[in-house]
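Structure file target26.tsv; described as TSV, C-alpha atoms.
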chain	number	residue	atom	x	y	z
A	1	MET	CA	0.00	0.00	0.00
A	2	LEU	CA	1.12	3.54	-0.81
A	3	GLU	CA	-0.40	6.01	1.64
A	4	ALA	CA	-0.64	9.76	2.00
A	5	LEU	CA	-1.23	10.58	5.64
A	6	GLY	CA	-2.36	14.14	6.38
A	7	LEU	CA	-0.24	15.62	3.60
A	8	GLY	CA	0.11	19.37	3.52
A	9	VAL	CA	2.05	21.35	0.92
A	10	ARG	CA	1.83	25.07	1.45
A	11	GLY	CA	-0.68	26.63	-0.93
A	12	ARG	CA	-1.27	23.35	-2.80
A	13	LEU	CA	-2.41	20.49	-0.52
A	14	ASN	CA	-4.28	20.57	2.76
A	15	ASN	CA	-4.48	17.52	5.05
A	16	VAL	CA	-4.75	14.95	2.24
A	17	THR	CA	-5.13	11.34	3.35
A	18	ALA	CA	-5.51	8.58	0.76
A	19	GLN	CA	-4.78	4.85	0.67
A	20	LEU	CA	-3.61	3.54	-2.69
A	21	ARG	CA	-3.48	-0.23	-3.06
A	22	SER	CA	-1.42	-2.32	-5.43
A	23	GLY	CA	-3.34	-4.54	-7.81
A	24	ARG	CA	-5.59	-1.76	-9.00
A	25	VAL	CA	-5.66	1.35	-11.18
A	26	THR	CA	-6.26	4.54	-9.24
A	27	ALA	CA	-7.27	7.72	-11.08
A	28	ILE	CA	-6.63	11.12	-9.54
A	29	CYS	CA	-9.10	13.67	-10.89
A	30	GLY	CA	-10.00	17.27	-10.20
A	31	PRO	CA	-10.25	20.73	-11.75
A	32	ASN	CA	-7.18	22.67	-12.85
A	33	GLY	CA	-5.16	23.78	-9.84
A	34	ALA	CA	-6.75	21.21	-7.52
A	35	GLY	CA	-3.36	19.77	-6.47
A	36	LYS	CA	-3.25	16.60	-8.58
A	37	SER	CA	0.33	16.96	-9.83
A	38	THR	CA	1.50	18.03	-6.37
A	39	LEU	CA	-0.04	14.94	-4.79
A	40	VAL	CA	1.57	12.59	-7.32
A	41	GLY	CA	4.93	14.34	-6.88
A	42	ALA	CA	4.68	13.92	-3.11
A	43	LEU	CA	3.72	10.25	-3.46
A	44	ALA	CA	6.83	9.78	-5.62
A	45	GLY	CA	8.98	11.37	-2.93
A	46	LEU	CA	9.92	14.34	-5.13
A	47	ILE	CA	7.98	17.00	-3.22
A	48	ALA	CA	8.63	17.28	0.50
A	49	PRO	CA	5.39	17.95	2.39
A	50	ALA	CA	5.23	20.66	5.03
A	51	SER	CA	3.13	18.30	7.14
A	52	GLY	CA	2.11	14.68	7.08
A	53	THR	CA	3.97	11.79	5.54
A	54	VAL	CA	3.99	9.27	2.70
A	55	THR	CA	4.46	5.59	3.50
A	56	LEU	CA	5.14	2.60	1.26
A	57	ALA	CA	4.24	-0.76	2.82
A	58	SER	CA	3.94	1.11	6.16
A	59	GLN	CA	7.51	2.44	5.85
A	60	PRO	CA	8.06	6.20	5.56
A	61	LEU	CA	9.23	7.03	2.06
A	62	THR	CA	11.99	9.18	3.55
A	63	ASP	CA	13.56	6.04	5.05
A	64	LEU	CA	14.29	4.62	1.59
A	65	THR	CA	17.53	5.36	-0.23
A	66	PRO	CA	17.09	7.21	-3.55
A	67	GLN	CA	18.13	4.06	-5.43
A	68	GLU	CA	15.63	1.86	-3.58
A	69	ARG	CA	12.86	4.39	-4.11
A	70	ALA	CA	13.71	4.55	-7.84
A	71	ARG	CA	13.46	0.76	-8.09
A	72	ARG	CA	10.07	0.64	-6.37
A	73	ILE	CA	8.36	3.78	-7.72
A	74	GLY	CA	8.33	4.87	-11.35
A	75	TYR	CA	7.26	8.47	-11.94
A	76	LEU	CA	6.27	10.16	-15.19
A	77	PRO	CA	5.77	13.93	-14.87
A	78	GLN	CA	3.22	15.86	-16.88
A	79	SER	CA	5.81	17.61	-19.02
A	80	ALA	CA	9.16	15.82	-18.95
A	81	GLU	CA	12.21	17.47	-20.45
A	82	VAL	CA	15.20	15.55	-21.83
A	83	ALA	CA	18.42	17.55	-21.94
A	84	TRP	CA	20.10	15.44	-24.64
A	85	ASN	CA	18.78	14.29	-28.00
A	86	LEU	CA	18.92	10.60	-27.10
A	87	SER	CA	17.61	7.73	-29.13
A	88	VAL	CA	14.39	6.08	-27.97
A	89	ARG	CA	16.30	2.94	-26.94
A	90	THR	CA	18.89	4.90	-24.96
A	91	LEU	CA	16.18	6.87	-23.16
A	92	ALA	CA	14.30	3.70	-22.23
A	93	ALA	CA	17.53	2.07	-21.04
A	94	LEU	CA	17.95	4.84	-18.44
A	95	GLY	CA	15.15	3.12	-16.58
A	96	ARG	CA	17.50	0.24	-15.81
A	97	LEU	CA	20.01	2.42	-13.93
A	98	PRO	CA	18.57	1.73	-10.43
A	99	HIS	CA	19.21	-2.00	-10.99
A	100	ARG	CA	22.49	-3.89	-11.09
A	101	THR	CA	21.52	-6.54	-13.59
A	102	PRO	CA	23.51	-7.97	-16.53
A	103	ALA	CA	23.55	-5.83	-19.66
A	104	ALA	CA	21.95	-8.58	-21.74
A	105	GLN	CA	19.03	-8.82	-19.30
A	106	ASP	CA	18.61	-5.02	-19.36
A	107	ALA	CA	18.57	-5.05	-23.17
A	108	ASP	CA	15.89	-7.76	-23.23
A	109	ILE	CA	13.69	-5.80	-20.83
A	110	VAL	CA	14.09	-2.60	-22.86
A	111	ASP	CA	13.21	-4.42	-26.08
A	112	GLU	CA	10.11	-5.91	-24.46
A	113	VAL	CA	8.92	-2.49	-23.24
A	114	LEU	CA	9.52	-0.88	-26.63
A	115	GLY	CA	7.51	-3.63	-28.25
A	116	THR	CA	4.66	-3.23	-25.78
A	117	LEU	CA	4.45	0.50	-26.48
A	118	GLY	CA	4.72	0.12	-30.25
A	119	LEU	CA	8.16	1.74	-30.35
A	120	SER	CA	10.33	-1.05	-31.75
A	121	ALA	CA	10.52	0.52	-35.22
A	122	LEU	CA	11.49	3.85	-33.64
A	123	ALA	CA	14.13	2.46	-31.26
A	124	ASP	CA	17.09	4.12	-33.00
A	125	ARG	CA	15.34	7.41	-33.79
A	126	PRO	CA	16.46	10.50	-31.85
A	127	LEU	CA	13.80	12.16	-29.72
A	128	SER	CA	13.89	15.34	-31.80
A	129	THR	CA	12.43	13.46	-34.78
A	130	LEU	CA	9.38	12.11	-32.92
A	131	SER	CA	5.83	13.38	-32.85
A	132	GLY	CA	4.33	14.49	-29.54
A	133	GLY	CA	2.58	11.16	-29.03
A	134	GLU	CA	5.68	9.14	-29.92
A	135	ARG	CA	7.77	11.20	-27.53
A	136	ALA	CA	5.20	10.67	-24.75
A	137	ARG	CA	5.41	6.90	-25.26
A	138	ALA	CA	9.21	7.02	-25.29
A	139	LEU	CA	9.23	8.84	-21.95
A	140	LEU	CA	6.86	6.26	-20.53
A	141	ALA	CA	9.13	3.49	-21.80
A	142	ARG	CA	11.86	4.72	-19.46
A	143	VAL	CA	9.49	4.39	-16.49
A	144	LEU	CA	8.23	0.93	-17.45
A	145	ALA	CA	11.76	-0.36	-18.13
A	146	THR	CA	12.51	0.08	-14.44
A	147	GLN	CA	9.81	-2.52	-13.70
A	148	PRO	CA	8.73	-0.68	-10.54
A	149	GLN	CA	6.10	-1.95	-8.14
A	150	TRP	CA	4.33	1.41	-8.45
A	151	ILE	CA	3.76	3.49	-11.58
A	152	LEU	CA	2.77	7.13	-10.97
A	153	ALA	CA	1.96	8.96	-14.20
A	154	ASP	CA	0.73	12.53	-14.57
A	155	GLU	CA	-1.61	12.72	-17.59
A	156	PRO	CA	0.13	9.93	-19.55
A	157	LEU	CA	-2.68	9.73	-22.12
A	158	ALA	CA	-2.97	13.42	-22.96
A	159	ALA	CA	-0.81	13.44	-26.11
A	160	LEU	CA	-1.90	10.07	-27.49
A	161	ASP	CA	-4.37	9.27	-30.25
A	162	LEU	CA	-7.34	7.02	-29.47
A	163	ALA	CA	-5.69	3.78	-30.58
A	164	HIS	CA	-2.61	4.34	-28.44
A	165	GLN	CA	-4.77	5.49	-25.53
A	166	ARG	CA	-6.68	2.23	-25.68
A	167	GLY	CA	-3.48	0.19	-25.92
A	168	LEU	CA	-1.89	1.98	-22.98
A	169	ILE	CA	-5.00	1.69	-20.81
A	170	ARG	CA	-5.03	-2.04	-21.46
A	171	HIS	CA	-1.35	-2.23	-20.52
A	172	PHE	CA	-1.93	-0.31	-17.27
A	173	ARG	CA	-4.79	-2.67	-16.44
A	174	LYS	CA	-2.56	-5.69	-17.08
A	175	LEU	CA	0.13	-4.25	-14.80
A	176	ALA	CA	-2.48	-3.85	-12.06
A	177	GLN	CA	-3.76	-7.38	-12.62
A	178	ASP	CA	-0.17	-8.60	-12.21
A	179	GLY	CA	-0.11	-6.97	-8.76
A	180	ARG	CA	1.46	-3.59	-9.40
A	181	GLY	CA	0.03	-0.28	-8.28
A	182	VAL	CA	-0.92	2.15	-11.05
A	183	VAL	CA	-1.80	5.78	-10.26
A	184	LEU	CA	-2.84	8.04	-13.13
A	185	VAL	CA	-3.72	11.72	-13.16
A	186	VAL	CA	-6.52	12.08	-15.71
A	187	HIS	CA	-8.83	14.87	-16.82
A	188	ASP	CA	-11.11	12.60	-18.83
A	189	LEU	CA	-13.76	11.62	-16.30
A	190	ALA	CA	-15.29	9.01	-18.61
A	191	LEU	CA	-11.90	7.30	-18.87
A	192	ALA	CA	-11.62	7.25	-15.07
A	193	MET	CA	-15.19	5.98	-14.70
A	194	ASN	CA	-14.74	3.16	-17.21
A	195	HIS	CA	-11.20	2.00	-16.52
A	196	ALA	CA	-10.17	2.87	-12.94
A	197	ASP	CA	-10.77	0.66	-9.92
A	198	HIS	CA	-10.47	3.55	-7.48
A	199	VAL	CA	-10.79	7.32	-7.88
A	200	VAL	CA	-9.46	10.18	-5.74
A	201	VAL	CA	-11.07	13.55	-6.46
A	202	LEU	CA	-9.20	16.67	-5.36
A	203	ASP	CA	-10.65	20.16	-5.09
A	204	ARG	CA	-8.74	23.23	-3.93
A	205	GLY	CA	-6.00	21.11	-2.37
A	206	GLY	CA	-8.25	18.78	-0.39
A	207	ILE	CA	-10.03	15.47	-0.84
A	208	ALA	CA	-13.49	16.04	-2.29
A	209	ALA	CA	-14.35	12.36	-2.79
A	210	GLN	CA	-12.65	8.99	-3.04
A	211	GLY	CA	-13.76	5.43	-3.58
A	212	ALA	CA	-15.21	3.35	-6.39
A	213	PRO	CA	-15.65	5.35	-9.62
A	214	GLN	CA	-19.45	5.22	-9.44
A	215	ALA	CA	-19.39	6.95	-6.05
A	216	ALA	CA	-16.38	9.27	-6.40
A	217	LEU	CA	-17.54	10.51	-9.82
A	218	SER	CA	-21.26	10.65	-9.19
A	219	GLU	CA	-23.30	13.39	-10.83
A	220	GLU	CA	-23.57	15.07	-7.42
A	221	VAL	CA	-19.78	15.15	-6.97
A	222	ILE	CA	-19.27	16.49	-10.50
A	223	ALA	CA	-21.80	19.27	-9.86
A	224	ARG	CA	-20.12	20.22	-6.58
A	225	VAL	CA	-16.48	20.01	-7.67
A	226	TRP	CA	-16.60	21.01	-11.34
A	227	ASN	CA	-19.71	23.21	-11.06
A	228	LEU	CA	-21.11	21.29	-14.01
A	229	ASP	CA	-24.61	19.98	-14.57
A	230	ALA	CA	-23.83	16.60	-16.16
A	231	ARG	CA	-25.24	13.12	-16.34
A	232	TRP	CA	-23.84	9.71	-17.11
A	233	LEU	CA	-25.11	7.77	-20.11
A	234	GLY	CA	-24.59	4.14	-21.15
A	235	ASP	CA	-23.83	0.86	-19.44
A	236	PRO	CA	-21.12	0.23	-16.81
A	237	GLY	CA	-17.72	0.08	-18.45
A	238	HIS	CA	-19.01	2.08	-21.42
A	239	ARG	CA	-20.19	5.27	-19.75
A	240	ALA	CA	-20.20	8.68	-21.43
A	241	LEU	CA	-20.63	12.04	-19.73
A	242	ALA	CA	-23.23	14.38	-21.23
A	243	PHE	CA	-23.29	18.07	-20.27
Please express what this file holds, its structure, as structure tokens.
Amino acid sequence: MLEALGLGVRGRLNNVTAQLRSGRVTAICGPNGAGKSTLVGALAGLIAPASGTVTLASQPLTDLTPQERARRIGYLPQSAEVAWNLSVRTLAALGRLPHRTPAAQDADIVDEVLGTLGLSALADRPLSTLSGGERARALLARVLATQPQWILADEPLAALDLAHQRGLIRHFRKLAQDGRGVVLVVHDLALAMNHADHVVVLDRGGIAAQGAPQAALSEEVIARVWNLDARWLGDPGHRALAF
């Protein structure tokens, strides 16, 4: 379990407590400026809270060495910058740095990840030659190559077309089914409703709702948090939001 216990970040989070369990996909939703990226950054150990703590398997995250934390938690920021014009394969291989495994094993893992993300044909292309969606998948490849127990991704689907969104959602679900924890910041409430197991809704730095998607993203919650008169259409797993 990855837990936020009374997290406070000045001006961004206020007394946030949430329990995130492995084996499921958790979506973090909320209006712009609600504190979603700050919460994910704190859960990854990259933002130090002014109050409260983050624990992983009941152990404070601050007790882990940076290398151990990097092996156990993979983090993809909303807008990641790469200082050098690396090839896709070289970028993905950076995800193996926290491990001390044989080079041949690392290469096999990188090749598998590139294949999963549809990047094999682009493996030797420099990042500067990629489209926005291709670059987004290349950045995610670095995270997945680490093979962390937890994947924390801030809007990983935003730059992808529908086909790659569907493929990546299926991959995240498979990772969860294999026992990993997947935490995604998403703005698409229908995506969260249809594909998440658990939803945390933030509003103005605090928890507005959390639980199963049907409860956390009810029409009442949407009206209160997003100030939007909306209703859900369709069957479970295939819901659409009309407003």
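When all atoms listed in the file are used to measure the gap to Ile222 of chain A, the shortest distance among A:Ala190, A:Gly6, A:Pro156, A:Val40 belongs to A:Ala190.
Protein and nucleic acid residues near (16.5, 7.0, -27.3) are Asn85, Leu86, Ser87, Val88, Arg89, Thr90, Leu91, Ala92, Ala93, Leu122, Ala123, Asp124, Arg125, Pro126, Leu127 and Ala138 of chain A, the criterion being any atom at most 9 Å away using all atoms listed in the file.
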Find the smallest box with edges along x, y and z containing every listed atom of segment 161-172 of chain A, then add 6 Å on each side and report centre and edge lengths in Å to one decimal, as AutoDock Vina command-line options.
--center_x -4.3 --center_y 3.5 --center_z -23.9 --size_x 18.0 --size_y 23.5 --size_z 25.3
Checklist outcome for this item: In Å and to one decimal, atom CA of Ala18 of chain A is distant from atom CA of Val183 of chain A by 12.0 Å
Next on the checklist: Using all atoms listed in the file for the distances, tell me which of A:Leu56, A:Leu144, A:Ala136, A:Leu217 is nearest to Gly30 of chain A.
Outcome noted: A:Leu217
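With only C-alpha atoms as the atoms that count, the minimum distance from Gly74 of chain A to the choices A:Leu241, A:Leu20, A:Cys29, A:Leu139 is reached by A:Leu139.
In this model, the gap between atom CA of Leu2 of chain A and atom CA of Asn15 of chain A comes to 16.2 Å.
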Would you mind listing, for every residue of segment 15-99 of chain A within 6 Å of segment 205-208 of chain A, the two atoms forming the shortest contact and the distance between them in Å to one decimal, using all atoms listed in the file, sorted by chain and ascending residue number, as CSV?
residue,atom,partner,partner_atom,distance
A:Val16,CA,A:Gly206,CA,5.8
A:Ala34,CA,A:Gly205,CA,5.2
A:Gly35,CA,A:Gly205,CA,5.1
Tell me which residues come within 8 Å of (1.2, 8.9, -18.2), as a JSON list (two decimals) with C-alpha atoms, in the frame of the given file, counting all atoms listed in the file in the file's coordinates.
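The resulting point34.json:
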[["chain", "number", "residue", "atom", "x", "y", "z"],
["A", 76, "LEU", "CA", 6.27, 10.16, -15.19],
["A", 77, "PRO", "CA", 5.77, 13.93, -14.87],
["A", 78, "GLN", "CA", 3.22, 15.86, -16.88],
["A", 136, "ALA", "CA", 5.20, 10.67, -24.75],
["A", 140, "LEU", "CA", 6.86, 6.26, -20.53],
["A", 152, "LEU", "CA", 2.77, 7.13, -10.97],
["A", 153, "ALA", "CA", 1.96, 8.96, -14.20],
["A", 154, "ASP", "CA", 0.73, 12.53, -14.57],
["A", 155, "GLU", "CA", -1.61, 12.72, -17.59],
["A", 156, "PRO", "CA", 0.13, 9.93, -19.55],
["A", 157, "LEU", "CA", -2.68, 9.73, -22.12],
["A", 158, "ALA", "CA", -2.97, 13.42, -22.96],
["A", 184, "LEU", "CA", -2.84, 8.04, -13.13],
["A", 185, "VAL", "CA", -3.72, 11.72, -13.16]]
Next on the checklist: Can you measure atom CA of Leu119 of chain A to atom CA of Glu81 of chain A for me? One decimal in Å is fine.
Outcome noted: 19.0 Å
Item to check | Distance criterion (only C-alpha atoms): nearest to Leu39 of chain A out of A:Ala121, A:Leu97, A:Ala223, A:Val200 | outcome: A:Val200
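Ranking A:Asp235, A:Ala70, A:Leu189, A:Ala242 by their shortest atom-to-atom distance to Val221 of chain A, with only C-alpha atoms included, puts A:Leu189 first.
Using only C-alpha atoms, the smallest distance between any of A:Pro102, A:Arg24, A:Gly33, A:Ala176 and Gly11 of chain A comes from A:Gly33.
Around Ala27 of chain A, within 9 Å and counting only C-alpha atoms, the residues found are Val182, Val183, Leu184, Val185, Val186, Ala192, Met193, His195, Ala196, Asp197, His198, Val199, Val200, Val201 and Pro213 of chain A, once anything fewer than 3 positions away on its own chain is removed.
The neighbours of Thr55 of chain A here are the residues that come within 7 Å of it, using all atoms listed in the file and leaving out any residue fewer than 3 positions away in the same chain; they are A:Leu2, A:Glu3, A:Ala4, A:Ser58, A:Gln59, A:Pro60, A:Leu61.
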Can I get the selection written as an mmCIF file, in the coordinates of the input, with C-alpha atoms?
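out16.cif, written as the output of this step:
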data_model
loop_
_atom_site.group_PDB
_atom_site.id
_atom_site.type_symbol
_atom_site.label_atom_id
_atom_site.label_comp_id
_atom_site.auth_asym_id
_atom_site.auth_seq_id
_atom_site.Cartn_x
_atom_site.Cartn_y
_atom_site.Cartn_z
ATOM 1 C CA LEU A 2 1.120 3.540 -0.810
ATOM 2 C CA GLU A 3 -0.400 6.010 1.640
ATOM 3 C CA ALA A 4 -0.640 9.760 2.000
ATOM 4 C CA SER A 58 3.940 1.110 6.160
ATOM 5 C CA GLN A 59 7.510 2.440 5.850
ATOM 6 C CA PRO A 60 8.060 6.200 5.560
ATOM 7 C CA LEU A 61 9.230 7.030 2.060
#
Contacts of Gly52 of chain A at 7 Å or less, counting only C-alpha atoms, minus same-chain residues fewer than 6 places along, as a compact mmCIF listing (two decimals) with C-alpha atoms, in the coordinates of the input?
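Everything below was put into out_2.txt:
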# COMPACT_ATOMS: atom_id res chain seq x y z
CA LEU A 5 -1.23 10.58 5.64
CA GLY A 6 -2.36 14.14 6.38
CA LEU A 7 -0.24 15.62 3.60
CA GLY A 8 0.11 19.37 3.52
Segment 133-197 of chain A from the block above, C-alpha atoms, as a tab-separated table (two decimals), in the first residue's frame, please?
chain	number	residue	atom	x	y	z
A	133	GLY	CA	2.58	11.16	-29.03
A	134	GLU	CA	5.68	9.14	-29.92
A	135	ARG	CA	7.77	11.20	-27.53
A	136	ALA	CA	5.20	10.67	-24.75
A	137	ARG	CA	5.41	6.90	-25.26
A	138	ALA	CA	9.21	7.02	-25.29
A	139	LEU	CA	9.23	8.84	-21.95
A	140	LEU	CA	6.86	6.26	-20.53
A	141	ALA	CA	9.13	3.49	-21.80
A	142	ARG	CA	11.86	4.72	-19.46
A	143	VAL	CA	9.49	4.39	-16.49
A	144	LEU	CA	8.23	0.93	-17.45
A	145	ALA	CA	11.76	-0.36	-18.13
A	146	THR	CA	12.51	0.08	-14.44
A	147	GLN	CA	9.81	-2.52	-13.70
A	148	PRO	CA	8.73	-0.68	-10.54
A	149	GLN	CA	6.10	-1.95	-8.14
A	150	TRP	CA	4.33	1.41	-8.45
A	151	ILE	CA	3.76	3.49	-11.58
A	152	LEU	CA	2.77	7.13	-10.97
A	153	ALA	CA	1.96	8.96	-14.20
A	154	ASP	CA	0.73	12.53	-14.57
A	155	GLU	CA	-1.61	12.72	-17.59
A	156	PRO	CA	0.13	9.93	-19.55
A	157	LEU	CA	-2.68	9.73	-22.12
A	158	ALA	CA	-2.97	13.42	-22.96
A	159	ALA	CA	-0.81	13.44	-26.11
A	160	LEU	CA	-1.90	10.07	-27.49
A	161	ASP	CA	-4.37	9.27	-30.25
A	162	LEU	CA	-7.34	7.02	-29.47
A	163	ALA	CA	-5.69	3.78	-30.58
A	164	HIS	CA	-2.61	4.34	-28.44
A	165	GLN	CA	-4.77	5.49	-25.53
A	166	ARG	CA	-6.68	2.23	-25.68
A	167	GLY	CA	-3.48	0.19	-25.92
A	168	LEU	CA	-1.89	1.98	-22.98
A	169	ILE	CA	-5.00	1.69	-20.81
A	170	ARG	CA	-5.03	-2.04	-21.46
A	171	HIS	CA	-1.35	-2.23	-20.52
A	172	PHE	CA	-1.93	-0.31	-17.27
A	173	ARG	CA	-4.79	-2.67	-16.44
A	174	LYS	CA	-2.56	-5.69	-17.08
A	175	LEU	CA	0.13	-4.25	-14.80
A	176	ALA	CA	-2.48	-3.85	-12.06
A	177	GLN	CA	-3.76	-7.38	-12.62
A	178	ASP	CA	-0.17	-8.60	-12.21
A	179	GLY	CA	-0.11	-6.97	-8.76
A	180	ARG	CA	1.46	-3.59	-9.40
A	181	GLY	CA	0.03	-0.28	-8.28
A	182	VAL	CA	-0.92	2.15	-11.05
A	183	VAL	CA	-1.80	5.78	-10.26
A	184	LEU	CA	-2.84	8.04	-13.13
A	185	VAL	CA	-3.72	11.72	-13.16
A	186	VAL	CA	-6.52	12.08	-15.71
A	187	HIS	CA	-8.83	14.87	-16.82
A	188	ASP	CA	-11.11	12.60	-18.83
A	189	LEU	CA	-13.76	11.62	-16.30
A	190	ALA	CA	-15.29	9.01	-18.61
A	191	LEU	CA	-11.90	7.30	-18.87
A	192	ALA	CA	-11.62	7.25	-15.07
A	193	MET	CA	-15.19	5.98	-14.70
A	194	ASN	CA	-14.74	3.16	-17.21
A	195	HIS	CA	-11.20	2.00	-16.52
A	196	ALA	CA	-10.17	2.87	-12.94
A	197	ASP	CA	-10.77	0.66	-9.92
